[in-house]
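**Student:** Input protein.pdb, format and content: PDB, C-alpha atoms.
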ATOM      1  CA  MET Z1052     -34.028   7.089 -18.577
ATOM      2  CA  GLU Z1053     -35.598   5.256 -15.623
ATOM      3  CA  ARG Z1054     -38.231   3.640 -17.872
ATOM      4  CA  ALA Z1055     -35.566   2.483 -20.317
ATOM      5  CA  GLU Z1056     -33.557   1.058 -17.442
ATOM      6  CA  ASP Z1057     -36.649  -0.710 -16.081
ATOM      7  CA  LYS Z1058     -37.312  -2.271 -19.518
ATOM      8  CA  ASN Z1059     -33.703  -3.486 -19.668
ATOM      9  CA  ASN Z1060     -34.027  -4.958 -16.183
ATOM     10  CA  ASP Z1061     -37.187  -6.830 -17.239
ATOM     11  CA  ASN Z1062     -35.156  -8.636 -19.900
ATOM     12  CA  LEU Z1063     -32.684  -9.921 -17.308
ATOM     13  CA  THR Z1064     -32.898 -13.306 -15.642
ATOM     14  CA  LEU Z1065     -33.366 -13.590 -11.879
ATOM     15  CA  LEU Z1066     -29.610 -14.056 -11.410
ATOM     16  CA  GLY Z1067     -28.934 -11.128 -13.724
ATOM     17  CA  LYS Z1068     -31.286  -8.891 -11.746
ATOM     18  CA  PHE Z1069     -29.524  -9.913  -8.537
ATOM     19  CA  PHE Z1070     -26.087  -8.989  -9.846
ATOM     20  CA  HIS Z1071     -27.469  -5.785 -11.376
ATOM     21  CA  LYS Z1072     -28.893  -4.669  -8.022
ATOM     22  CA  LEU Z1073     -25.704  -5.742  -6.282
ATOM     23  CA  GLY Z1074     -23.600  -3.705  -8.696
ATOM     24  CA  MET Z1075     -25.823  -0.645  -8.381
ATOM     25  CA  SER Z1076     -25.737  -0.844  -4.584
ATOM     26  CA  ILE Z1077     -21.929  -1.099  -4.615
ATOM     27  CA  MET Z1078     -21.765   1.916  -6.923
ATOM     28  CA  CYS Z1079     -23.684   3.936  -4.346
ATOM     29  CA  ILE Z1080     -21.163   3.393  -1.543
ATOM     30  CA  THR Z1081     -17.759   4.988  -1.129
ATOM     31  CA  ILE Z1082     -15.711   1.872  -1.797
ATOM     32  CA  GLY Z1083     -17.578   1.196  -5.036
ATOM     33  CA  GLN Z1084     -17.019   4.753  -6.232
ATOM     34  CA  GLN Z1085     -13.322   4.485  -5.412
ATOM     35  CA  ILE Z1086     -13.077   1.260  -7.407
ATOM     36  CA  VAL Z1087     -14.705   3.029 -10.346
ATOM     37  CA  LEU Z1088     -12.212   5.895  -9.987
ATOM     38  CA  LEU Z1089      -9.361   3.378  -9.939
ATOM     39  CA  PHE Z1090     -10.432   1.753 -13.204
ATOM     40  CA  ARG Z1091     -11.165   5.101 -14.840
ATOM     41  CA  ALA Z1092      -7.654   6.265 -13.967
ATOM     42  CA  LEU Z1093      -6.099   3.082 -15.365
ATOM     43  CA  SER Z1094      -8.165   3.226 -18.546
ATOM     44  CA  SER Z1095      -7.318   6.905 -19.069
ATOM     45  CA  PHE Z1096      -3.672   5.902 -19.532
ATOM     46  CA  PHE Z1097      -4.711   4.228 -22.801
ATOM     47  CA  SER Z1098      -7.058   6.956 -24.021
ATOM     48  CA  GLU Z1099      -6.673   8.403 -27.528
ATOM     49  CA  SER Z1100      -5.925  11.874 -26.155
ATOM     50  CA  ARG Z1101      -2.961  10.664 -24.112
ATOM     51  CA  SER Z1102       0.442  12.280 -24.394
ATOM     52  CA  PHE Z1103       3.219   9.821 -23.671
ATOM     53  CA  LYS Z1104       5.740  12.575 -22.941
ATOM     54  CA  THR Z1105       3.477  14.488 -20.553
ATOM     55  CA  ASP Z1106       2.143  11.369 -18.836
ATOM     56  CA  SER Z1107       5.628   9.933 -18.382
ATOM     57  CA  LYS Z1108       6.871  13.205 -16.920
ATOM     58  CA  ASN Z1109       3.977  13.391 -14.448
ATOM     59  CA  ILE Z1110       4.405   9.750 -13.425
ATOM     60  CA  ILE Z1111       8.151  10.187 -12.873
ATOM     61  CA  LEU Z1112       7.594  13.322 -10.807
ATOM     62  CA  GLN Z1113       4.982  11.566  -8.695
ATOM     63  CA  THR Z1114       7.283   8.553  -8.200
ATOM     64  CA  PHE Z1115      10.102  10.876  -7.146
ATOM     65  CA  PHE Z1116       7.843  12.787  -4.767
ATOM     66  CA  THR Z1117       6.347   9.669  -3.205
ATOM     67  CA  GLY Z1118       9.484   7.550  -2.996
ATOM     68  CA  VAL Z1119      12.735   9.492  -3.096
ATOM     69  CA  GLU Z1120      11.697  12.361  -0.840
ATOM     70  CA  ILE Z1121      10.425  10.010   1.860
ATOM     71  CA  PHE Z1122      13.558   7.837   1.809
ATOM     72  CA  PRO Z1123      15.447   9.472   4.748
ATOM     73  CA  VAL Z1124      12.541   9.065   7.173
ATOM     74  CA  LEU Z1125      11.738   5.595   5.876
ATOM     75  CA  PHE Z1126      15.371   4.463   6.188
ATOM     76  CA  VAL Z1127      15.631   5.627   9.803
ATOM     77  CA  VAL Z1128      12.330   4.002  10.783
ATOM     78  CA  ALA Z1129      13.252   0.761   8.985
ATOM     79  CA  THR Z1130      16.694   0.626  10.610
ATOM     80  CA  LEU Z1131      15.400   1.138  14.143
ATOM     81  CA  PHE Z1132      12.502  -1.236  13.541
ATOM     82  CA  GLY Z1133      14.809  -3.921  12.161
ATOM     83  CA  ALA Z1134      17.253  -3.561  15.043
ATOM     84  CA  ILE Z1135      14.468  -3.983  17.595
ATOM     85  CA  VAL Z1136      13.026  -7.001  15.782
ATOM     86  CA  ILE Z1137      16.420  -8.699  15.484
ATOM     87  CA  VAL Z1138      17.139  -8.240  19.199
ATOM     88  CA  GLU Z1139      13.687  -9.458  20.244
ATOM     89  CA  VAL Z1140      13.737 -12.474  17.914
ATOM     90  CA  MET Z1141      17.264 -13.530  18.845
ATOM     91  CA  THR Z1142      16.611 -13.071  22.566
ATOM     92  CA  MET Z1143      13.261 -14.846  22.557
ATOM     93  CA  THR Z1144      14.354 -17.812  20.471
ATOM     94  CA  GLY Z1145      17.574 -18.137  22.485
ATOM     95  CA  LYS Z1146      15.696 -18.314  25.793
ATOM     96  CA  MET Z1147      13.137 -20.766  24.454
ATOM     97  CA  GLY Z1148      15.655 -22.906  22.600
ATOM     98  CA  PHE Z1149      14.068 -22.433  19.180
ATOM     99  CA  SER Z1150      16.990 -20.951  17.278
ATOM    100  CA  ASP Z1151      15.887 -22.803  14.134
ATOM    101  CA  VAL Z1152      12.853 -20.502  13.698
ATOM    102  CA  VAL Z1153      14.793 -17.212  13.646
ATOM    103  CA  GLY Z1154      14.483 -16.960   9.867
ATOM    104  CA  ASN Z1155      10.765 -17.765   9.922
ATOM    105  CA  LEU Z1156      10.033 -15.077  12.504
ATOM    106  CA  MET Z1157      12.098 -12.467  10.653
ATOM    107  CA  VAL Z1158      10.293 -13.252   7.397
ATOM    108  CA  VAL Z1159       6.855 -13.097   9.039
ATOM    109  CA  VAL Z1160       7.451  -9.878  10.972
ATOM    110  CA  VAL Z1161       9.604  -7.851   8.572
ATOM    111  CA  ILE Z1162       8.941  -9.104   5.042
ATOM    112  CA  ARG Z1163       5.403 -10.442   5.158
ATOM    113  CA  GLU Z1164       3.536  -8.196   7.546
ATOM    114  CA  LEU Z1165       4.922  -5.138   9.333
ATOM    115  CA  GLY Z1166       7.395  -4.093   6.635
ATOM    116  CA  PRO Z1167       4.764  -3.527   3.915
ATOM    117  CA  ILE Z1168       2.263  -2.082   6.402
ATOM    118  CA  LEU Z1169       4.667   0.421   7.969
ATOM    119  CA  THR Z1170       5.859   1.487   4.522
ATOM    120  CA  ALA Z1171       2.269   2.027   3.396
ATOM    121  CA  PHE Z1172       1.478   3.979   6.578
ATOM    122  CA  LEU Z1173       4.462   6.279   6.044
ATOM    123  CA  ILE Z1174       3.507   6.905   2.415
ATOM    124  CA  ALA Z1175      -0.165   7.419   3.284
ATOM    125  CA  GLY Z1176       0.690   9.883   6.057
ATOM    126  CA  ARG Z1177       3.151  11.854   3.984
ATOM    127  CA  SER Z1178       2.513  11.484   0.247
ATOM    128  CA  GLY Z1179      -1.172  10.541   0.429
ATOM    129  CA  SER Z1180      -2.009  13.575   2.547
ATOM    130  CA  SER Z1181       0.028  15.841   0.250
ATOM    131  CA  LEU Z1182      -1.797  14.478  -2.798
ATOM    132  CA  SER Z1183      -5.165  15.124  -1.146
ATOM    133  CA  THR Z1184      -4.176  18.681  -0.284
ATOM    134  CA  TYR Z1185      -2.850  19.348  -3.793
ATOM    135  CA  VAL Z1186      -5.887  18.003  -5.636
ATOM    136  CA  GLY Z1187      -8.284  19.463  -3.068
ATOM    137  CA  GLY Z1188      -6.745  22.896  -3.534
ATOM    138  CA  MET Z1189      -7.261  22.612  -7.283
ATOM    139  CA  VAL Z1190     -10.907  21.662  -6.733
ATOM    140  CA  ILE Z1191     -11.469  24.647  -4.429
ATOM    141  CA  ASN Z1192      -9.839  27.036  -6.921
ATOM    142  CA  SER Z1193     -11.929  25.591  -9.776
ATOM    143  CA  GLU Z1194      -8.764  24.473 -11.565
ATOM    144  CA  VAL Z1195     -10.231  20.998 -12.067
ATOM    145  CA  ASP Z1196     -13.256  22.526 -13.788
ATOM    146  CA  ALA Z1197     -10.907  24.639 -15.897
ATOM    147  CA  LEU Z1198      -9.045  21.521 -17.033
ATOM    148  CA  ALA Z1199     -12.319  19.924 -18.114
ATOM    149  CA  THR Z1200     -13.317  23.136 -19.928
ATOM    150  CA  MET Z1201     -10.038  23.079 -21.873
ATOM    151  CA  GLY Z1202     -10.697  19.497 -22.935
ATOM    152  CA  VAL Z1203      -8.189  17.938 -20.512
ATOM    153  CA  ASP Z1204      -9.428  14.914 -18.598
ATOM    154  CA  PRO Z1205      -8.831  15.712 -14.879
ATOM    155  CA  ILE Z1206      -8.638  12.032 -14.032
ATOM    156  CA  ARG Z1207      -5.912  11.409 -16.613
ATOM    157  CA  TYR Z1208      -4.035  14.568 -15.672
ATOM    158  CA  LEU Z1209      -4.298  14.313 -11.850
ATOM    159  CA  VAL Z1210      -5.375  10.855 -10.694
ATOM    160  CA  MET Z1211      -3.594   8.604 -13.193
ATOM    161  CA  PRO Z1212      -0.027   9.916 -12.561
ATOM    162  CA  GLY Z1213      -0.607   9.784  -8.819
ATOM    163  CA  LEU Z1214      -1.952   6.246  -9.061
ATOM    164  CA  ILE Z1215       0.808   4.790 -11.231
ATOM    165  CA  GLY Z1216       3.669   6.824  -9.754
ATOM    166  CA  GLY Z1217       2.518   6.280  -6.188
ATOM    167  CA  THR Z1218       2.086   2.544  -6.714
ATOM    168  CA  ILE Z1219       5.538   2.178  -8.272
ATOM    169  CA  ALA Z1220       7.081   4.171  -5.420
ATOM    170  CA  THR Z1221       5.262   2.089  -2.797
ATOM    171  CA  PHE Z1222       6.619  -1.101  -4.354
ATOM    172  CA  ILE Z1223      10.191   0.218  -4.433
ATOM    173  CA  MET Z1224      10.034   1.673  -0.921
ATOM    174  CA  THR Z1225       8.638  -1.561   0.515
ATOM    175  CA  ILE Z1226      11.628  -3.503  -0.804
ATOM    176  CA  ILE Z1227      13.999  -0.812   0.495
ATOM    177  CA  PHE Z1228      12.259  -0.853   3.892
ATOM    178  CA  SER Z1229      12.667  -4.623   4.293
ATOM    179  CA  ALA Z1230      16.271  -4.537   3.071
ATOM    180  CA  SER Z1231      17.117  -1.634   5.393
ATOM    181  CA  ALA Z1232      15.396  -3.274   8.350
ATOM    182  CA  ILE Z1233      17.475  -6.416   7.926
ATOM    183  CA  GLY Z1234      20.787  -4.993   6.643
ATOM    184  CA  ALA Z1235      21.039  -1.673   8.475
ATOM    185  CA  GLY Z1236      19.338  -3.149  11.535
ATOM    186  CA  PHE Z1237      22.027  -5.834  11.643
ATOM    187  CA  LEU Z1238      24.766  -3.177  11.460
ATOM    188  CA  VAL Z1239      23.176  -1.244  14.329
ATOM    189  CA  ILE Z1240      23.087  -4.380  16.487
ATOM    190  CA  LYS Z1241      26.719  -5.168  15.672
ATOM    191  CA  GLY Z1242      27.621  -1.606  16.605
ATOM    192  CA  LEU Z1243      25.830  -1.930  19.935
ATOM    193  CA  ILE Z1244      27.581  -5.246  20.579
ATOM    194  CA  ALA Z1245      30.961  -3.613  19.908
ATOM    195  CA  ILE Z1246      30.192  -0.595  22.126
ATOM    196  CA  THR Z1247      28.652  -2.497  25.062
ATOM    197  CA  GLY Z1248      31.002  -5.480  24.955
ATOM    198  CA  ASN Z1249      28.158  -7.812  23.952
ATOM    199  CA  ALA Z1250      26.039  -6.919  26.974
ATOM    200  CA  LEU Z1251      23.089  -8.191  24.965
ATOM    201  CA  ASN Z1252      24.722 -11.648  24.872
ATOM    202  CA  LEU Z1253      23.906 -12.156  21.190
ATOM    203  CA  GLN Z1254      25.807 -14.518  18.941
ATOM    204  CA  LEU Z1255      24.926 -12.925  15.630
ATOM    205  CA  THR Z1256      26.663 -13.078  12.265
ATOM    206  CA  TRP Z1257      25.527 -11.891   8.852
ATOM    207  CA  ASP Z1258      25.976 -15.317   7.293
ATOM    208  CA  TYR Z1259      23.722 -16.879   9.921
ATOM    209  CA  LEU Z1260      21.009 -14.210   9.702
ATOM    210  CA  SER Z1261      20.918 -13.980   5.902
ATOM    211  CA  THR Z1262      20.985 -17.762   5.448
ATOM    212  CA  GLU Z1263      18.149 -18.267   7.918
ATOM    213  CA  ILE Z1264      15.975 -15.611   6.256
ATOM    214  CA  LEU Z1265      16.568 -16.827   2.697
ATOM    215  CA  SER Z1266      15.924 -20.446   3.639
ATOM    216  CA  ALA Z1267      12.671 -19.465   5.373
ATOM    217  CA  MET Z1268      11.275 -17.570   2.374
ATOM    218  CA  THR Z1269       8.865 -19.390   0.093
ATOM    219  CA  MET Z1270       7.642 -18.722  -3.426
ATOM    220  CA  MET Z1271       4.464 -17.249  -1.938
ATOM    221  CA  ASP Z1272       6.583 -14.658  -0.120
ATOM    222  CA  PHE Z1273       8.152 -13.489  -3.378
ATOM    223  CA  VAL Z1274       4.688 -13.270  -4.968
ATOM    224  CA  PHE Z1275       3.275 -11.164  -2.152
ATOM    225  CA  ILE Z1276       6.371  -8.960  -2.040
ATOM    226  CA  VAL Z1277       5.014  -7.700  -5.374
ATOM    227  CA  ILE Z1278       1.262  -7.921  -4.746
ATOM    228  CA  LYS Z1279       1.004  -6.230  -1.340
ATOM    229  CA  PRO Z1280       2.824  -2.983  -2.229
ATOM    230  CA  LEU Z1281       0.884  -2.696  -5.482
ATOM    231  CA  VAL Z1282      -2.430  -3.125  -3.657
ATOM    232  CA  PHE Z1283      -1.437  -0.706  -0.893
ATOM    233  CA  GLY Z1284      -0.210   1.858  -3.414
ATOM    234  CA  CYS Z1285      -3.492   1.716  -5.342
ATOM    235  CA  ILE Z1286      -5.448   2.104  -2.102
ATOM    236  CA  ILE Z1287      -3.453   5.120  -0.891
ATOM    237  CA  THR Z1288      -3.493   7.124  -4.119
ATOM    238  CA  THR Z1289      -7.056   6.290  -5.163
ATOM    239  CA  ASN Z1290      -8.441   7.102  -1.720
ATOM    240  CA  ALA Z1291      -6.440  10.347  -1.522
ATOM    241  CA  CYS Z1292      -7.679  11.548  -4.920
ATOM    242  CA  TYR Z1293     -11.257  10.461  -4.227
ATOM    243  CA  GLN Z1294     -11.440  12.362  -0.945
ATOM    244  CA  ALA Z1295      -9.991  15.471  -2.596
ATOM    245  CA  MET Z1296     -12.207  15.430  -5.682
ATOM    246  CA  ASN Z1297     -15.414  15.036  -3.679
ATOM    247  CA  ILE Z1298     -15.138  17.962  -1.290
ATOM    248  CA  ALA Z1299     -17.419  20.967  -1.192
ATOM    249  CA  HIS Z1300     -16.145  24.288  -2.535
ATOM    250  CA  ASP Z1301     -15.025  25.463   0.868
ATOM    251  CA  ILE Z1302     -11.366  25.976   1.773
ATOM    252  CA  ARG Z1303     -12.070  24.634   5.257
ATOM    253  CA  GLN Z1304     -12.932  21.253   3.754
ATOM    254  CA  VAL Z1305      -9.392  20.681   2.422
ATOM    255  CA  PRO Z1306      -7.759  19.792   5.775
ATOM    256  CA  LYS Z1307     -10.798  17.672   6.636
ATOM    257  CA  ALA Z1308     -10.474  15.753   3.385
ATOM    258  CA  THR Z1309      -6.730  15.343   3.982
ATOM    259  CA  GLY Z1310      -7.253  13.929   7.461
ATOM    260  CA  LYS Z1311     -10.040  11.684   6.222
ATOM    261  CA  SER Z1312      -7.855  10.324   3.414
ATOM    262  CA  VAL Z1313      -5.079   9.368   5.864
ATOM    263  CA  ILE Z1314      -7.422   7.721   8.381
ATOM    264  CA  LYS Z1315      -9.299   5.779   5.713
ATOM    265  CA  SER Z1316      -6.063   4.756   3.993
ATOM    266  CA  PHE Z1317      -4.848   3.252   7.283
ATOM    267  CA  PHE Z1318      -8.148   1.393   7.656
ATOM    268  CA  TYR Z1319      -8.209   0.116   4.068
ATOM    269  CA  ILE Z1320      -4.557  -0.981   4.274
ATOM    270  CA  VAL Z1321      -5.174  -3.064   7.386
ATOM    271  CA  CYS Z1322      -8.317  -4.609   5.876
ATOM    272  CA  ALA Z1323      -6.483  -5.426   2.631
ATOM    273  CA  ASP Z1324      -3.600  -6.950   4.592
ATOM    274  CA  VAL Z1325      -6.002  -9.186   6.503
ATOM    275  CA  VAL Z1326      -7.568 -10.387   3.253
ATOM    276  CA  LEU Z1327      -4.195 -11.020   1.608
ATOM    277  CA  SER Z1328      -2.836 -12.732   4.728
ATOM    278  CA  ILE Z1329      -5.527 -15.408   4.561
ATOM    279  CA  PHE Z1330      -3.170 -17.303   2.268
ATOM    280  CA  TYR Z1331      -0.650 -17.441   5.101
ATOM    281  CA  PHE Z1332      -2.948 -18.447   7.954
ATOM    282  CA  LEU Z1333      -2.556 -22.188   7.488
ATOM    283  CA  ASP Z1334       1.201 -21.767   7.340
ATOM    284  CA  TYR Z1335       1.116 -19.719  10.552
ATOM    285  CA  PHE Z1336      -0.833 -22.425  12.348
ATOM    286  CA  ASN Z1337       1.666 -25.032  11.223
ATOM    287  CA  GLU Z1338       4.596 -22.961  12.497
ATOM    288  CA  ILE Z1339       2.866 -22.347  15.843
ATOM    289  CA  SER Z1340       2.129 -26.052  16.230
ATOM    290  CA  LYS Z1341       5.819 -26.800  15.666
ATOM    291  CA  ILE Z1342       6.845 -24.347  18.383
ATOM    292  CA  ILE Z1343       4.226 -25.592  20.846
TER     293      ILE Z1343
END
Would you give me this structure, written as structure tokens?
**Tutor:**
Amino acid sequence: MERAEDKNNDNLTLLGKFFHKLGMSIMCITIGQQIVLLFRALSSFFSESRSFKTDSKNIILQTFFTGVEIFPVLFVVATLFGAIVIVEVMTMTGKMGFSDVVGNLMVVVVIRELGPILTAFLIAGRSGSSLSTYVGGMVINSEVDALATMGVDPIRYLVMPGLIGGTIATFIMTIIFSASAIGAGFLVIKGLIAITGNALNLQLTWDYLSTEILSAMTMMDFVFIVIKPLVFGCIITTNACYQAMNIAHDIRQVPKATGKSVIKSFFYIVCADVVLSIFYFLDYFNEISKII
């Protein structure tokens, strides 16, 4: 095999050899293997042995588990987060005399950055860890090997539903998080104003807040409202399944793999957000220059 591979490499150009070595080196690291697992899971959805009924059922169950069951916690976190952001933004801009940038700050903090990240963190900590434990338990009990023995592709049966269902749920929950942060957060602030007699000294109406936010949103925001959750969902589910399917046959390794999947998901999410936010950096500098 090595000789045949060497002969094939000899037929490559210098640039071809470079990309071949680059690809092989990437395949040897964790990130490269996770990318391979991602594409194998996606391609397994179109395999000849697929069962639309079974796959659809598994995807729906995974979407329900990832999204619906986390909704109460996510709604509370989003509401409190939105209320704090609204108070801070309104107070800061009022003191500085920059009331015309309220919408821009709300879009940047809630919709562009912290909303998607916090949603991904909640899903990674809850659903990602559960997925790692579930798949890891099957690996320890040799159930994954049993699936392969019966002719069932473990990646199609375990990874693919988690990937697609988890990604769909992450997208839906991100939109719900942002909407709850703005809508429910606004209601909380209005409730506090009514209880305290406007001790916060905020002149806040829904028409003003919603108009400012909608006018501050750009087409790029709507594009990344879709892209970021999809990327984060793929990262969470792929990393969770990878960590679980590559553990030693020792029951003590399951909690270690679960913890590792959560920590690495957090790290990958932040790195992916930095890369995706490059498109916004010039816009941020322009907004800062206007304020200064």
**Student:** Rounded to one decimal, what separation in Å do you get between atom CA of Z:Phe1275 and atom CA of Z:Gly1154?
**Tutor:**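 The value is 17.4 Å.
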**Student:** Could you give me the axis-aligned bounding box of stretch 1285-1304 of chain Z, with 8 Å of padding per side, as centre plus edge lengths in Å to one decimal, as lines of an AutoDock Vina configuration file?
**Tutor:**
center_x = -10.4
center_y = 13.8
center_z = -0.2
size_x = 30.0
size_y = 40.3
size_z = 26.9
**Student:** I'd like the residues picked by the PyMOL selection byres ((chain Z and resi 1257-1267) around 10) written out as a list of chain:residue names, using the chain letters and numbers from the file.
**Tutor:** Z:Ile1137, Z:Met1141, Z:Ser1150, Z:Asp1151, Z:Val1152, Z:Val1153, Z:Gly1154, Z:Asn1155, Z:Leu1156, Z:Met1157, Z:Val1158, Z:Val1159, Z:Ile1162, Z:Ile1233, Z:Gly1234, Z:Phe1237, Z:Leu1238, Z:Lys1241, Z:Gln1254, Z:Leu1255, Z:Thr1256, Z:Met1268, Z:Thr1269, Z:Asp1272
**Student:** Kindly export the residues of the current selection with C-alpha atoms, as a tab-separated table (two decimals), keeping the file's coordinate frame.
**Tutor:**
chain	number	residue	atom	x	y	z
Z	1137	ILE	CA	16.42	-8.70	15.48
Z	1141	MET	CA	17.26	-13.53	18.84
Z	1150	SER	CA	16.99	-20.95	17.28
Z	1151	ASP	CA	15.89	-22.80	14.13
Z	1152	VAL	CA	12.85	-20.50	13.70
Z	1153	VAL	CA	14.79	-17.21	13.65
Z	1154	GLY	CA	14.48	-16.96	9.87
Z	1155	ASN	CA	10.76	-17.76	9.92
Z	1156	LEU	CA	10.03	-15.08	12.50
Z	1157	MET	CA	12.10	-12.47	10.65
Z	1158	VAL	CA	10.29	-13.25	7.40
Z	1159	VAL	CA	6.86	-13.10	9.04
Z	1162	ILE	CA	8.94	-9.10	5.04
Z	1233	ILE	CA	17.48	-6.42	7.93
Z	1234	GLY	CA	20.79	-4.99	6.64
Z	1237	PHE	CA	22.03	-5.83	11.64
Z	1238	LEU	CA	24.77	-3.18	11.46
Z	1241	LYS	CA	26.72	-5.17	15.67
Z	1254	GLN	CA	25.81	-14.52	18.94
Z	1255	LEU	CA	24.93	-12.92	15.63
Z	1256	THR	CA	26.66	-13.08	12.26
Z	1268	MET	CA	11.28	-17.57	2.37
Z	1269	THR	CA	8.86	-19.39	0.09
Z	1272	ASP	CA	6.58	-14.66	-0.12
**Student:** Name the closest residue to Z:Val1138 among the candidates Z:Val1313, Z:Met1271, Z:Ile1278, Z:Ile1240; distances are taken between atoms, counting all atoms listed in the file.
**Tutor:**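 Between Z:Val1313, Z:Met1271, Z:Ile1278, Z:Ile1240, the residue approaching Z:Val1138 most closely is Z:Ile1240.
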**Student:** On this structure, the PyMOL selection byres ((chain Z and resi 1229) around 9) would catch which residues? List them as a PDB file with C-alpha atoms, in the coordinates of the input, sorted by chain and number.
**Tutor:**
ATOM      1  CA  ALA Z1129      13.252   0.761   8.985  1.00  0.00           C
ATOM      2  CA  GLY Z1133      14.809  -3.921  12.161  1.00  0.00           C
ATOM      3  CA  VAL Z1161       9.604  -7.851   8.572  1.00  0.00           C
ATOM      4  CA  ILE Z1162       8.941  -9.104   5.042  1.00  0.00           C
ATOM      5  CA  GLY Z1166       7.395  -4.093   6.635  1.00  0.00           C
ATOM      6  CA  PRO Z1167       4.764  -3.527   3.915  1.00  0.00           C
ATOM      7  CA  MET Z1224      10.034   1.673  -0.921  1.00  0.00           C
ATOM      8  CA  THR Z1225       8.638  -1.561   0.515  1.00  0.00           C
ATOM      9  CA  ILE Z1226      11.628  -3.503  -0.804  1.00  0.00           C
ATOM     10  CA  ILE Z1227      13.999  -0.812   0.495  1.00  0.00           C
ATOM     11  CA  PHE Z1228      12.259  -0.853   3.892  1.00  0.00           C
ATOM     12  CA  ALA Z1230      16.271  -4.537   3.071  1.00  0.00           C
ATOM     13  CA  SER Z1231      17.117  -1.634   5.393  1.00  0.00           C
ATOM     14  CA  ALA Z1232      15.396  -3.274   8.350  1.00  0.00           C
ATOM     15  CA  ILE Z1233      17.475  -6.416   7.926  1.00  0.00           C
ATOM     16  CA  GLY Z1234      20.787  -4.993   6.643  1.00  0.00           C
TER      17      GLY Z1234
END
**Student:** Closest to Z:Ser1193 among Z:Pro1205, Z:Gly1118, Z:Gly1217, Z:Gly1310, using only C-alpha atoms?
**Tutor:** Z:Pro1205
**Student:** Please evaluate the PyMOL selection byres ((chain Z and resi 1190) around 12) against the structure above and give the resulting residues as a VMD selection string.
**Tutor:** chain Z and resid 1183 to 1189 1191 to 1199 1205 1209 1292 to 1302 1304 to 1305 1308
**Student:** How many Å lie between atom CA of Z:Ile1082 and atom CA of Z:Leu1214, rounded to one decimal?
**Tutor:** 16.2 Å
